[in-house]
file structure-v6.csv (CSV, C-alpha atoms)
chain,number,residue,atom,x,y,z
A,107,MET,CA,6.2,-35.6,8.7
A,108,ASN,CA,2.6,-36.4,8.3
A,109,LYS,CA,0.8,-34.2,5.7
A,110,SER,CA,-2.0,-33.2,8.1
A,111,ILE,CA,0.5,-32.2,10.7
A,112,ILE,CA,2.4,-30.0,8.2
A,113,ALA,CA,-0.8,-28.3,7.1
A,114,ALA,CA,-2.0,-27.7,10.6
A,115,THR,CA,1.3,-26.2,11.6
A,116,VAL,CA,1.4,-23.9,8.6
A,117,PHE,CA,-2.1,-22.7,9.3
A,118,ALA,CA,-1.3,-22.0,13.0
A,119,LEU,CA,1.8,-20.1,12.1
A,120,VAL,CA,0.1,-18.0,9.5
A,121,ALA,CA,-2.9,-17.2,11.8
A,122,SER,CA,-0.7,-16.1,14.7
A,123,GLY,CA,1.7,-14.1,12.5
A,124,CYS,CA,-1.1,-12.2,10.8
A,125,ALA,CA,-2.7,-10.8,13.9
A,126,ASP,CA,-1.1,-7.4,13.7
A,127,MET,CA,-1.0,-7.1,9.9
A,128,SER,CA,-3.1,-5.0,7.6
A,129,ALA,CA,-5.7,-6.7,5.4
A,130,THR,CA,-3.4,-6.5,2.4
A,131,GLN,CA,-0.4,-7.9,4.4
A,132,ARG,CA,-2.6,-10.7,5.7
A,133,GLY,CA,-3.6,-11.6,2.2
A,134,THR,CA,0.0,-11.8,1.0
A,135,ALA,CA,1.2,-13.6,4.2
A,136,THR,CA,-1.6,-16.1,4.1
A,137,GLY,CA,-1.0,-16.9,0.5
A,138,ALA,CA,2.7,-17.4,1.2
A,139,GLY,CA,2.0,-19.6,4.2
A,140,VAL,CA,-0.5,-21.8,2.4
A,141,GLY,CA,1.7,-22.0,-0.6
A,142,ALA,CA,4.7,-23.0,1.5
A,143,GLY,CA,2.6,-25.7,3.3
A,144,LEU,CA,1.3,-27.2,0.1
A,145,GLY,CA,4.8,-27.0,-1.4
A,146,ALA,CA,6.2,-28.9,1.6
A,147,ILE,CA,3.5,-31.5,1.4
A,148,LEU,CA,4.1,-32.1,-2.3
A,149,GLY,CA,7.8,-32.0,-2.1
A,150,GLY,CA,7.9,-34.4,0.8
A,151,THR,CA,5.5,-36.9,-0.6
A,152,THR,CA,6.6,-37.1,-4.3
A,153,GLY,CA,9.7,-39.1,-5.1
A,154,GLY,CA,12.7,-39.5,-2.9
A,155,GLY,CA,14.6,-36.9,-1.0
A,156,GLY,CA,12.3,-36.6,2.0
A,157,GLY,CA,13.1,-33.5,4.1
A,158,SER,CA,15.2,-31.7,1.4
A,159,ARG,CA,12.4,-32.0,-1.1
A,160,ALA,CA,9.9,-30.8,1.4
A,161,ALA,CA,12.1,-27.7,2.1
A,162,LYS,CA,12.5,-26.9,-1.6
A,163,GLY,CA,8.8,-27.4,-2.0
A,164,ALA,CA,8.1,-25.0,0.8
A,165,VAL,CA,10.3,-22.3,-0.8
A,166,ILE,CA,8.7,-22.6,-4.2
A,167,GLY,CA,5.2,-22.9,-2.8
A,168,GLY,CA,5.7,-19.8,-0.6
A,169,ALA,CA,6.9,-17.7,-3.5
A,170,ALA,CA,3.9,-18.7,-5.6
A,171,GLY,CA,1.5,-18.4,-2.7
A,172,ALA,CA,2.5,-14.9,-1.9
A,173,LEU,CA,1.1,-13.8,-5.2
A,174,ILE,CA,-2.2,-15.6,-4.4
A,175,GLY,CA,-3.0,-13.0,-1.7
A,176,ASN,CA,-3.3,-10.1,-4.1
A,177,ILE,CA,-3.9,-10.3,-7.8
A,178,TRP,CA,-3.1,-7.9,-10.7
A,179,SER,CA,-6.3,-7.9,-12.7
A,180,ASN,CA,-7.3,-6.1,-15.9
A,181,ARG,CA,-9.1,-3.6,-13.6
A,182,MET,CA,-5.9,-3.0,-11.7
A,183,GLU,CA,-4.0,-2.5,-14.9
A,184,LYS,CA,-6.6,0.0,-16.2
A,185,GLN,CA,-6.5,1.8,-12.9
A,186,LYS,CA,-2.7,2.1,-13.1
A,187,GLN,CA,-2.9,3.4,-16.7
A,188,ALA,CA,-5.6,5.9,-15.7
A,189,MET,CA,-3.5,7.2,-12.8
A,190,GLU,CA,-0.4,7.5,-15.0
A,191,GLN,CA,-2.3,9.7,-17.4
A,192,ALA,CA,-3.9,11.7,-14.6
A,193,THR,CA,-0.6,12.4,-12.8
A,194,GLN,CA,1.6,12.9,-15.9
A,195,GLY,CA,4.0,15.8,-15.2
A,196,THR,CA,3.0,16.2,-11.6
A,197,GLY,CA,5.9,14.3,-9.9
A,198,VAL,CA,3.5,11.6,-8.6
A,199,GLN,CA,5.0,8.1,-9.1
A,200,VAL,CA,2.6,5.3,-10.1
A,201,THR,CA,4.0,1.8,-9.9
A,202,GLN,CA,3.0,-1.9,-9.5
A,203,THR,CA,4.6,-3.4,-6.4
A,204,SER,CA,6.1,-6.8,-6.1
A,205,ASP,CA,3.1,-8.1,-4.2
A,206,ASN,CA,0.7,-6.9,-6.9
A,207,ARG,CA,-0.5,-3.6,-5.4
A,208,LEU,CA,-0.9,-0.3,-7.2
A,209,LYS,CA,1.3,2.3,-5.5
A,210,LEU,CA,1.0,6.1,-5.7
A,211,GLU,CA,3.8,8.1,-4.1
A,212,ILE,CA,2.7,11.8,-3.8
A,213,PRO,CA,5.5,14.3,-3.0
A,214,ALA,CA,5.0,17.2,-0.7
A,215,ASP,CA,5.0,19.8,-3.4
A,216,VAL,CA,1.8,18.2,-4.8
A,217,SER,CA,0.0,17.1,-1.6
A,218,PHE,CA,0.5,19.2,1.5
A,219,ASP,CA,2.3,22.4,2.6
A,220,THR,CA,4.9,22.1,5.3
A,221,GLY,CA,3.4,21.5,8.7
A,222,ARG,CA,-0.2,21.3,7.3
A,223,TYR,CA,-2.6,18.6,6.5
A,224,ASP,CA,-5.2,20.4,4.4
A,225,ILE,CA,-5.1,19.2,0.8
A,226,LYS,CA,-3.4,21.5,-1.7
A,227,SER,CA,-5.3,22.6,-4.8
A,228,ASN,CA,-3.0,20.7,-7.2
A,229,PHE,CA,-3.6,17.5,-5.3
A,230,ARG,CA,-7.3,17.6,-5.7
A,231,PRO,CA,-7.5,16.7,-9.5
A,232,VAL,CA,-5.3,13.6,-8.8
A,233,LEU,CA,-7.6,12.5,-5.9
A,234,GLU,CA,-10.7,13.1,-8.0
A,235,ARG,CA,-9.5,10.9,-10.8
A,236,PHE,CA,-8.3,8.4,-8.3
A,237,ALA,CA,-11.7,8.3,-6.7
A,238,GLN,CA,-13.3,7.6,-10.1
A,239,THR,CA,-11.0,4.6,-10.6
A,240,LEU,CA,-11.8,3.2,-7.2
A,241,ASN,CA,-15.5,3.6,-7.8
A,242,GLU,CA,-15.0,1.6,-11.1
A,243,ASN,CA,-13.2,-1.1,-9.1
A,244,PRO,CA,-15.4,-1.6,-6.0
A,245,GLY,CA,-13.5,-4.8,-4.9
A,246,ALA,CA,-10.2,-2.9,-4.3
A,247,THR,CA,-9.1,-1.8,-0.9
A,248,VAL,CA,-6.9,1.2,-0.1
A,249,THR,CA,-4.1,1.9,2.4
A,250,ILE,CA,-3.0,5.5,2.8
A,251,ILE,CA,0.3,6.2,4.7
A,252,GLY,CA,1.5,9.6,5.7
A,253,HIS,CA,5.1,10.5,6.2
A,254,THR,CA,7.0,13.6,7.3
A,255,ASP,CA,10.6,14.9,7.5
A,256,SER,CA,12.4,15.1,10.8
A,257,VAL,CA,11.8,18.8,11.5
A,258,GLY,CA,9.7,19.4,14.6
A,259,GLY,CA,10.2,16.1,16.4
A,260,GLU,CA,8.2,12.9,16.7
A,261,SER,CA,5.5,14.4,19.0
A,262,ILE,CA,4.5,16.8,16.1
A,263,ASN,CA,5.3,14.6,13.1
A,264,GLN,CA,3.4,11.5,14.1
A,265,PRO,CA,0.0,13.1,14.4
A,266,LEU,CA,0.7,15.2,11.4
A,267,SER,CA,1.4,12.1,9.3
A,268,VAL,CA,-1.9,10.5,10.5
A,269,ASN,CA,-3.8,13.7,9.8
A,270,ARG,CA,-2.5,13.9,6.3
A,271,ALA,CA,-3.6,10.3,5.6
A,272,ALA,CA,-7.0,11.0,7.2
A,273,SER,CA,-7.5,14.2,5.1
A,274,THR,CA,-6.8,12.1,2.0
A,275,ARG,CA,-9.3,9.5,3.0
A,276,SER,CA,-12.0,12.1,3.8
A,277,TYR,CA,-11.5,13.7,0.3
A,278,LEU,CA,-12.0,10.3,-1.3
A,279,ALA,CA,-15.0,9.6,0.8
A,280,GLN,CA,-16.6,12.9,-0.3
A,281,ARG,CA,-16.3,11.6,-3.8
A,282,GLY,CA,-18.2,8.4,-3.2
A,283,VAL,CA,-15.5,6.0,-2.0
A,284,SER,CA,-16.6,4.1,1.1
A,285,PRO,CA,-14.3,4.9,4.0
A,286,ASN,CA,-14.7,1.3,5.1
A,287,ARG,CA,-12.5,0.4,2.1
A,288,ILE,CA,-9.7,2.7,3.3
A,289,THR,CA,-7.1,2.1,6.0
A,290,ILE,CA,-4.9,4.9,7.1
A,291,GLU,CA,-1.5,4.9,8.9
A,292,GLY,CA,1.0,7.6,10.0
A,293,ARG,CA,4.6,6.8,10.0
A,294,GLY,CA,5.9,10.2,11.1
A,295,GLU,CA,9.6,10.7,10.4
A,296,ARG,CA,10.5,7.0,10.8
A,297,GLU,CA,10.7,5.9,7.2
A,298,PRO,CA,12.8,8.5,5.3
A,299,ILE,CA,13.6,7.9,1.6
A,300,ALA,CA,16.2,10.6,1.5
A,301,SER,CA,18.5,12.5,3.9
A,302,ASN,CA,16.9,15.0,6.2
A,303,ASP,CA,20.1,17.1,6.2
A,304,ASP,CA,19.1,19.3,3.3
A,305,ALA,CA,15.9,20.9,2.0
A,306,ASN,CA,15.6,18.6,-1.1
A,307,GLY,CA,15.9,15.5,1.0
A,308,ARG,CA,13.3,16.7,3.5
A,309,ALA,CA,10.9,17.6,0.7
A,310,ARG,CA,11.2,14.0,-0.6
A,311,ASN,CA,10.5,12.6,2.9
A,312,ARG,CA,7.3,14.7,3.3
A,313,ARG,CA,5.0,12.5,1.2
A,314,VAL,CA,1.9,10.4,1.1
A,315,GLU,CA,1.9,6.8,-0.2
A,316,ILE,CA,-1.4,5.2,-1.4
A,317,TYR,CA,-1.6,1.5,-2.0
A,318,VAL,CA,-4.5,-0.3,-3.8
A,319,ALA,CA,-4.9,-4.0,-3.5
A,320,GLU,CA,-7.4,-6.5,-5.0
A,321,ARG,CA,-7.6,-9.8,-3.2
A,322,GLY,CA,-7.4,-13.1,-5.1
call {"tool": "encode", "arguments": {"input": "structure-v6.csv", "output": "structure tokens"}}
result
Amino acid sequence: MNKSIIAATVFALVASGCADMSATQRGTATGAGVGAGLGAILGGTTGGGGGSRAAKGAVIGGAAGALIGNIWSNRMEKQKQAMEQATQGTGVQVTQTSDNRLKLEIPADVSFDTGRYDIKSNFRPVLERFAQTLNENPGATVTIIGHTDSVGGESINQPLSVNRAASTRSYLAQRGVSPNRITIEGRGEREPIASNDDANGRARNRRVEIYVAERG
């Protein structure tokens, strides 16, 4: 296939597929799509093999391109280390995701009381240190996702999860982080990480997840 046709096709697919994605997801998907397109072009035009080489090139290029969307810089590493220190012993999990985002998973016993969305006192020091790291890394963007257990039903849990994410954003904004950098989502009870059949499982499901991304 002609190189220009491949490139145009990849661009069109990426653009259409990214319409409903968050900014971070768009960055990763765009990187993967562009990488796949370039890989296909290189694979199909270097040496023999034609289609099979193009297919292999697309896979390799897509894997590499996905990492182009978000980067893990020295600033991100320092931010991760700072949050690990700030949350030590609290039960908050701080990790680097496969698509180069910093993830904070905050359990219910740290963040919010059952059925409420006002921030608990022991969550405030974590958010205050987090706000400092964000102000030190002004190029980073944030996604906050609220989750609930299954008690109360979707009509209650969905707005509750959104309100928890919104409260977290407001707290960060009060400490100098521009709310324009922060996207919030509420997933209600739809994404449990444990069984809702017992109290311990429900407590794990009542959580807030915060993702930080730095675009390449």
call {"tool": "atom_distance", "arguments": {"input": "structure-v6.csv", "atom1": "CA of Ile299 (chain A)", "atom2": "CA of Thr254 (chain A)"}}
result
10.4 Å
call {"tool": "closest_residue", "arguments": {"input": "structure-v6.csv", "among": "A:Gln264, A:Gln280, A:Ser273, A:Asn176", "to": "Phe229 (chain A)", "atoms": "all atoms listed in the file"}}
result
A:Ser273
call {"tool": "residues_around", "arguments": {"input": "structure-v6.csv", "residues": "region 317-320 of chain A", "least_positions_apart": "4", "cutoff": "8 Å", "atoms": "all atoms listed in the file", "output": "list in words"}}
result
Thr130, Asn176, Ile177, Trp178, Ser179, Met182, Asn206, Arg207, Leu208, Lys209, Leu210, Gly245, Ala246, Thr247, Val248, Thr249 and Ile250 of chain A
call {"tool": "atom_distance", "arguments": {"input": "structure-v6.csv", "atom1": "CA of Gln238 (chain A)", "atom2": "CA of Ala279 (chain A)"}}
result
11.2 Å
call {"tool": "atom_distance", "arguments": {"input": "structure-v6.csv", "atom1": "CA of Arg275 (chain A)", "atom2": "CA of Ile288 (chain A)"}}
result
6.8 Å
call {"tool": "closest_atom_pairs", "arguments": {"input": "structure-v6.csv", "of": "region 234-320 of chain A", "to": "region 191-198 of chain A", "cutoff": "10 Å", "atoms": "only C-alpha atoms", "output": "JSON lines"}}
result
{"residue": "A:Glu234", "atom": "CA", "partner": "A:Ala192", "partner_atom": "CA", "distance": 9.6}
{"residue": "A:Arg235", "atom": "CA", "partner": "A:Ala192", "partner_atom": "CA", "distance": 6.8}
{"residue": "A:Phe236", "atom": "CA", "partner": "A:Ala192", "partner_atom": "CA", "distance": 8.4}
{"residue": "A:Arg313", "atom": "CA", "partner": "A:Val198", "partner_atom": "CA", "distance": 10.0}
{"residue": "A:Val314", "atom": "CA", "partner": "A:Val198", "partner_atom": "CA", "distance": 9.9}
{"residue": "A:Glu315", "atom": "CA", "partner": "A:Val198", "partner_atom": "CA", "distance": 9.8}
call {"tool": "residues_around", "arguments": {"input": "structure-v6.csv", "residues": "region 302-310 of chain A", "least_positions_apart": "3", "cutoff": "9 Å", "atoms": "all atoms listed in the file", "output": "JSON, numbers by chain"}}
result
{"A": [213, 214, 215, 220, 254, 255, 256, 257, 298, 299, 313]}
call {"tool": "write_last_selection", "arguments": {"input": "structure-v6.csv", "atoms": "C-alpha atoms", "output": "PDB file, keeping the file's coordinate frame"}}
result
ATOM      1  CA  PRO A 213       5.500  14.300  -3.000  1.00  0.00           C
ATOM      2  CA  ALA A 214       5.000  17.200  -0.700  1.00  0.00           C
ATOM      3  CA  ASP A 215       5.000  19.800  -3.400  1.00  0.00           C
ATOM      4  CA  THR A 220       4.900  22.100   5.300  1.00  0.00           C
ATOM      5  CA  THR A 254       7.000  13.600   7.300  1.00  0.00           C
ATOM      6  CA  ASP A 255      10.600  14.900   7.500  1.00  0.00           C
ATOM      7  CA  SER A 256      12.400  15.100  10.800  1.00  0.00           C
ATOM      8  CA  VAL A 257      11.800  18.800  11.500  1.00  0.00           C
ATOM      9  CA  PRO A 298      12.800   8.500   5.300  1.00  0.00           C
ATOM     10  CA  ILE A 299      13.600   7.900   1.600  1.00  0.00           C
ATOM     11  CA  ARG A 313       5.000  12.500   1.200  1.00  0.00           C
TER      12      ARG A 313
END
call {"tool": "residues_around", "arguments": {"input": "structure-v6.csv", "residues": "Ile251 (chain A)", "least_positions_apart": "3", "cutoff": "8 Å", "atoms": "all atoms listed in the file", "output": "PDB file with C-alpha atoms, in the frame of the given file"}}
result
ATOM      1  CA  SER A 267       1.400  12.100   9.300  1.00  0.00           C
ATOM      2  CA  VAL A 268      -1.900  10.500  10.500  1.00  0.00           C
ATOM      3  CA  ALA A 271      -3.600  10.300   5.600  1.00  0.00           C
ATOM      4  CA  ILE A 290      -4.900   4.900   7.100  1.00  0.00           C
ATOM      5  CA  GLU A 291      -1.500   4.900   8.900  1.00  0.00           C
ATOM      6  CA  GLY A 292       1.000   7.600  10.000  1.00  0.00           C
ATOM      7  CA  ARG A 293       4.600   6.800  10.000  1.00  0.00           C
ATOM      8  CA  VAL A 314       1.900  10.400   1.100  1.00  0.00           C
ATOM      9  CA  GLU A 315       1.900   6.800  -0.200  1.00  0.00           C
ATOM     10  CA  ILE A 316      -1.400   5.200  -1.400  1.00  0.00           C
TER      11      ILE A 316
END
call {"tool": "closest_residue", "arguments": {"input": "structure-v6.csv", "among": "A:Val200, A:Ile212, A:Ala237, A:Ile225", "to": "Arg287 (chain A)", "atoms": "all atoms listed in the file"}}
result
A:Ala237
call {"tool": "closest_residue", "arguments": {"input": "structure-v6.csv", "among": "A:Ala300, A:Leu240, A:Val283, A:Val232", "to": "Lys184 (chain A)", "atoms": "all atoms listed in the file"}}
result
A:Leu240
call {"tool": "closest_residue", "arguments": {"input": "structure-v6.csv", "among": "A:Leu266, A:Ala272, A:Met189, A:Leu278", "to": "Arg230 (chain A)", "atoms": "all atoms listed in the file"}}
result
A:Leu278
call {"tool": "closest_residue", "arguments": {"input": "structure-v6.csv", "among": "A:Thr274, A:Gly175, A:Thr239, A:Gln187", "to": "Asp224 (chain A)", "atoms": "all atoms listed in the file"}}
result
A:Thr274
